[in-house]
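Engineer: Take a look at the following structure, please.
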Amino acid sequence: MQLGSDAERSIGVVVQSNYRLLAAGQCGGDKRCGHIHMKIDPEGDSCNLPGRPYNSMNSDFGGELIKARFGPCPSPTGEHVIGILLADDQHKPVLVDGKPVTRLVKVTTR
(Lines give C-alpha, C1' and ligand atoms only; values in the text may rest on other atoms or scores of the structure.)
Protein backbone atom coordinates (compact mmCIF):
# COMPACT_ATOMS: atom_id res chain seq x y z
CA MET A 1 0.00 0.00 0.00
CA GLN A 2 1.29 3.41 -0.93
CA LEU A 3 1.29 5.85 2.00
CA GLY A 4 -0.50 9.16 1.51
CA SER A 5 1.50 12.28 0.80
CA ASP A 6 -0.27 14.25 3.55
CA ALA A 7 1.42 15.06 6.87
CA GLU A 8 -0.32 12.08 8.53
CA ARG A 9 0.83 9.64 5.78
CA SER A 10 -2.77 8.39 5.80
CA ILE A 11 -4.51 5.65 3.86
CA GLY A 12 -8.28 5.28 3.59
CA VAL A 13 -9.55 1.96 4.97
CA VAL A 14 -13.09 0.79 4.24
CA VAL A 15 -14.75 -1.27 6.99
CA GLN A 16 -17.93 -3.06 6.02
CA SER A 17 -20.28 -4.28 8.70
CA ASN A 18 -23.83 -5.49 9.15
CA TYR A 19 -24.05 -2.74 11.78
CA ARG A 20 -25.03 0.80 10.89
CA LEU A 21 -21.86 2.86 11.30
CA LEU A 22 -22.77 6.31 12.61
CA ALA A 23 -21.07 8.99 14.63
CA ALA A 24 -20.87 8.25 18.36
CA GLY A 25 -24.04 9.26 20.17
CA GLN A 26 -26.16 9.14 17.00
CA CYS A 27 -27.50 5.58 17.18
CA GLY A 28 -30.43 6.29 19.52
CA GLY A 29 -31.80 2.95 20.72
CA ASP A 30 -30.58 0.97 17.67
CA LYS A 31 -28.72 -2.06 19.08
CA ARG A 32 -27.19 -2.81 15.65
CA CYS A 33 -25.48 0.55 15.36
CA GLY A 34 -22.01 1.70 16.38
CA HIS A 35 -18.66 2.97 15.19
CA ILE A 36 -15.11 1.72 14.64
CA HIS A 37 -11.99 2.24 16.78
CA MET A 38 -8.77 1.56 14.84
CA LYS A 39 -5.24 0.89 16.01
CA ILE A 40 -2.18 0.38 13.86
CA ASP A 41 0.10 -2.28 15.35
CA PRO A 42 -2.36 -2.91 18.21
CA GLU A 43 0.08 -5.04 20.25
CA GLY A 44 1.71 -1.77 21.29
CA ASP A 45 0.77 1.88 21.40
CA SER A 46 3.59 3.14 19.19
CA CYS A 47 1.30 4.28 16.33
CA ASN A 48 -1.44 5.90 18.42
CA LEU A 49 -2.25 9.55 17.94
CA PRO A 50 -0.50 11.65 20.60
CA GLY A 51 -2.47 11.48 23.86
CA ARG A 52 -5.06 9.05 22.44
CA PRO A 53 -5.59 5.28 23.00
CA TYR A 54 -6.14 4.71 19.26
CA ASN A 55 -4.88 5.73 15.83
CA SER A 56 -8.24 6.62 14.30
CA MET A 57 -11.96 6.22 14.72
CA ASN A 58 -15.03 7.09 12.73
CA SER A 59 -17.05 8.22 15.73
CA ASP A 60 -16.98 11.86 14.63
CA PHE A 61 -18.60 11.32 11.25
CA GLY A 62 -19.67 7.67 10.92
CA GLY A 63 -19.59 5.67 7.72
CA GLU A 64 -17.37 2.93 6.36
CA LEU A 65 -14.28 5.00 5.49
CA ILE A 66 -11.66 5.41 8.20
CA LYS A 67 -8.33 7.22 7.94
CA ALA A 68 -5.37 5.02 8.97
CA ARG A 69 -2.67 7.49 10.02
CA PHE A 70 0.80 5.95 9.65
CA GLY A 71 2.64 9.24 10.36
CA PRO A 72 2.71 8.71 14.16
CA CYS A 73 4.40 5.29 13.72
CA PRO A 74 8.14 5.17 14.45
CA SER A 75 8.55 3.62 11.00
CA PRO A 76 5.57 4.42 8.74
CA THR A 77 6.84 2.14 5.96
CA GLY A 78 7.07 -1.61 6.24
CA GLU A 79 4.91 -4.36 7.71
CA HIS A 80 2.03 -3.30 9.98
CA VAL A 81 -1.18 -4.71 11.40
CA ILE A 82 -4.40 -2.69 11.24
CA GLY A 83 -6.72 -3.65 14.10
CA ILE A 84 -10.35 -2.60 14.25
CA LEU A 85 -12.88 -2.85 17.08
CA LEU A 86 -16.63 -2.40 16.72
CA ALA A 87 -17.87 -0.14 19.53
CA ASP A 88 -21.39 0.78 20.61
CA ASP A 89 -22.80 4.29 20.94
CA GLN A 90 -21.05 4.72 24.32
CA HIS A 91 -17.61 3.56 23.02
CA LYS A 92 -17.92 0.13 24.68
CA PRO A 93 -16.88 -2.93 22.64
CA VAL A 94 -19.73 -4.78 20.92
CA LEU A 95 -19.69 -8.38 22.18
CA VAL A 96 -20.76 -11.51 20.30
CA ASP A 97 -20.72 -14.71 22.36
CA GLY A 98 -18.90 -12.71 25.05
CA LYS A 99 -16.04 -11.66 22.75
CA PRO A 100 -15.39 -8.23 21.22
CA VAL A 101 -15.96 -7.89 17.48
CA THR A 102 -12.47 -7.27 16.07
CA ARG A 103 -10.47 -7.86 12.91
CA LEU A 104 -6.73 -7.76 12.23
CA VAL A 105 -5.35 -7.13 8.73
CA LYS A 106 -1.65 -7.32 7.82
CA VAL A 107 -0.43 -4.65 5.39
CA THR A 108 2.89 -3.58 3.94
CA THR A 109 3.28 0.15 3.35
CA ARG A 110 5.75 1.93 1.15
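If you're wondering about the labels, chains in the C-alpha coordinates are A, B, ... by order shown, residues count from 1 in each chain, ligands from 1 in order shown.
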Do a neighbour search on range 62-71 of chain A at 7 Å with only C-alpha atoms, toss out local chain neighbours closer than 4 positions, and write the hits as a list of chain:residue names.
Structural biologist: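 Surrounding residues, per the criterion: A:Ala7, A:Glu8, A:Arg9, A:Ser10, A:Ile11, A:Gly12, A:Val13, A:Val14, A:Val15, A:Gln16, A:Leu21, A:Leu22, A:Ala23, A:His35, A:Cys47, A:Asn55, A:Ser56, A:Met57, A:Asn58, A:Pro76.
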Engineer: Keeping only N, CA and C atoms, write those residues as a PDB file, in the first residue's frame.
Structural biologist:
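Result file out.pdb:
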ATOM      1  N   ALA A   7       0.566  15.063   5.681  1.00  0.00           N
ATOM      2  CA  ALA A   7       1.420  15.063   6.873  1.00  0.00           C
ATOM      3  C   ALA A   7       1.200  13.831   7.747  1.00  0.00           C
ATOM      4  N   GLU A   8      -0.011  13.255   7.711  1.00  0.00           N
ATOM      5  CA  GLU A   8      -0.318  12.081   8.529  1.00  0.00           C
ATOM      6  C   GLU A   8       0.031  10.768   7.834  1.00  0.00           C
ATOM      7  N   ARG A   9       0.498  10.845   6.577  1.00  0.00           N
ATOM      8  CA  ARG A   9       0.830   9.643   5.781  1.00  0.00           C
ATOM      9  C   ARG A   9      -0.349   8.663   5.809  1.00  0.00           C
ATOM     10  N   SER A  10      -1.554   9.170   5.603  1.00  0.00           N
ATOM     11  CA  SER A  10      -2.771   8.391   5.800  1.00  0.00           C
ATOM     12  C   SER A  10      -3.197   7.608   4.572  1.00  0.00           C
ATOM     13  N   ILE A  11      -3.907   6.528   4.862  1.00  0.00           N
ATOM     14  CA  ILE A  11      -4.512   5.650   3.859  1.00  0.00           C
ATOM     15  C   ILE A  11      -5.963   5.464   4.262  1.00  0.00           C
ATOM     16  N   GLY A  12      -6.868   5.541   3.313  1.00  0.00           N
ATOM     17  CA  GLY A  12      -8.277   5.283   3.592  1.00  0.00           C
ATOM     18  C   GLY A  12      -8.521   3.780   3.700  1.00  0.00           C
ATOM     19  N   VAL A  13      -9.206   3.368   4.752  1.00  0.00           N
ATOM     20  CA  VAL A  13      -9.552   1.964   4.974  1.00  0.00           C
ATOM     21  C   VAL A  13     -11.080   1.876   5.025  1.00  0.00           C
ATOM     22  N   VAL A  14     -11.646   0.982   4.235  1.00  0.00           N
ATOM     23  CA  VAL A  14     -13.093   0.789   4.245  1.00  0.00           C
ATOM     24  C   VAL A  14     -13.419  -0.411   5.118  1.00  0.00           C
ATOM     25  N   VAL A  15     -14.300  -0.205   6.091  1.00  0.00           N
ATOM     26  CA  VAL A  15     -14.746  -1.266   6.986  1.00  0.00           C
ATOM     27  C   VAL A  15     -16.225  -1.513   6.712  1.00  0.00           C
ATOM     28  N   GLN A  16     -16.538  -2.720   6.273  1.00  0.00           N
ATOM     29  CA  GLN A  16     -17.929  -3.060   6.018  1.00  0.00           C
ATOM     30  C   GLN A  16     -18.457  -3.896   7.166  1.00  0.00           C
ATOM     31  N   LEU A  21     -23.023   2.148  10.771  1.00  0.00           N
ATOM     32  CA  LEU A  21     -21.862   2.856  11.303  1.00  0.00           C
ATOM     33  C   LEU A  21     -22.158   4.344  11.278  1.00  0.00           C
ATOM     34  N   LEU A  22     -22.436   4.896  12.460  1.00  0.00           N
ATOM     35  CA  LEU A  22     -22.768   6.307  12.609  1.00  0.00           C
ATOM     36  C   LEU A  22     -21.813   6.962  13.595  1.00  0.00           C
ATOM     37  N   ALA A  23     -21.866   8.265  13.649  1.00  0.00           N
ATOM     38  CA  ALA A  23     -21.066   8.994  14.634  1.00  0.00           C
ATOM     39  C   ALA A  23     -21.500   8.597  16.039  1.00  0.00           C
ATOM     40  N   HIS A  35     -19.752   2.341  15.934  1.00  0.00           N
ATOM     41  CA  HIS A  35     -18.660   2.967  15.194  1.00  0.00           C
ATOM     42  C   HIS A  35     -17.397   2.136  15.378  1.00  0.00           C
ATOM     43  N   CYS A  47       1.878   3.558  17.474  1.00  0.00           N
ATOM     44  CA  CYS A  47       1.300   4.283  16.331  1.00  0.00           C
ATOM     45  C   CYS A  47       0.056   5.082  16.711  1.00  0.00           C
ATOM     46  N   ASN A  55      -5.466   5.013  16.959  1.00  0.00           N
ATOM     47  CA  ASN A  55      -4.885   5.727  15.826  1.00  0.00           C
ATOM     48  C   ASN A  55      -5.957   6.515  15.088  1.00  0.00           C
ATOM     49  N   SER A  56      -7.158   5.956  15.031  1.00  0.00           N
ATOM     50  CA  SER A  56      -8.238   6.618  14.302  1.00  0.00           C
ATOM     51  C   SER A  56      -9.566   6.034  14.747  1.00  0.00           C
ATOM     52  N   MET A  57     -10.626   6.763  14.519  1.00  0.00           N
ATOM     53  CA  MET A  57     -11.965   6.219  14.723  1.00  0.00           C
ATOM     54  C   MET A  57     -12.919   7.000  13.836  1.00  0.00           C
ATOM     55  N   ASN A  58     -14.054   6.395  13.552  1.00  0.00           N
ATOM     56  CA  ASN A  58     -15.029   7.087  12.725  1.00  0.00           C
ATOM     57  C   ASN A  58     -16.170   7.638  13.555  1.00  0.00           C
ATOM     58  N   PRO A  76       6.823   4.509   9.497  1.00  0.00           N
ATOM     59  CA  PRO A  76       5.571   4.419   8.743  1.00  0.00           C
ATOM     60  C   PRO A  76       5.588   3.360   7.634  1.00  0.00           C
TER      61      PRO A  76
END
Engineer: Find the residues around Pro53 in chain A up to 12 Å (only C-alpha atoms counted), leave out those fewer than 6 positions away in its own chain, and share them as a ChimeraX atom specification.
Structural biologist: /A:37-40,42,44-47
Engineer: Identify which of the residues A:Thr102, A:Ser5, A:Gln26, A:Asn18 lies closest to Ile82 in chain A, counting only C-alpha atoms when measuring atom-to-atom distances.
Structural biologist: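 Ranked by minimum distance to Ile82 in chain A, first place goes to A:Thr102.
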Engineer: Tell me which of A:Pro74, A:Gly34, A:Gly98, A:Gly29 sits closest to Leu49 in chain A, counting only C-alpha atoms.
Structural biologist: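 Ranking A:Pro74, A:Gly34, A:Gly98, A:Gly29 by distance to Leu49 in chain A, first place goes to A:Pro74.
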Engineer: I need the residue nearest Leu86 in chain A from this list: A:Thr108, A:Asp30, A:Val101, A:Ala24. Use only C-alpha atoms for the distance.
Structural biologist: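 Result for the nearest residue to Leu86 in chain A: A:Val101.
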Engineer: Based on the backbone DSSP call, show me all residues of chain A assigned strand (DSSP E or B), as a VMD selection string.
Structural biologist: chain A and resid 10 to 14 20 to 21 33 to 40 56 to 57 65 to 69 78 to 87 93 95 to 96 99 to 100 102 to 109
Engineer: Determine the nearest neighbour of Cys27 in chain A from the options A:Pro93, A:Val105, A:Ala87, A:His80, counting only C-alpha atoms.
Structural biologist: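 Ranking A:Pro93, A:Val105, A:Ala87, A:His80 by distance to Cys27 in chain A, first place goes to A:Ala87.
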Engineer: Pick from A:Met1, A:Ser17, A:Lys106, A:Gly28: nearest to Asp89 in chain A, with only C-alpha atoms counted?
Structural biologist: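 Looking only at the distances to Asp89 in chain A, the closest residue turns out to be A:Gly28.
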Engineer: To one decimal in Å, tell me the separation between CA of Leu95 in chain A and CA of Ile36 in chain A.
Structural biologist: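 That distance, rounded to one decimal, is 13.4 Å.
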Engineer: Any idea what the distance is between CA of Tyr19 in chain A and CA of Pro100 in chain A?
Structural biologist: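 Interatomic distance here is 13.9 Å.
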Engineer: Find the distance between CA of Ser75 in chain A and CA of Asp6 in chain A and write it in Å to one decimal.
Structural biologist: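 Separation between CA of Ser75 in chain A and CA of Asp6 in chain A: 15.7 Å.
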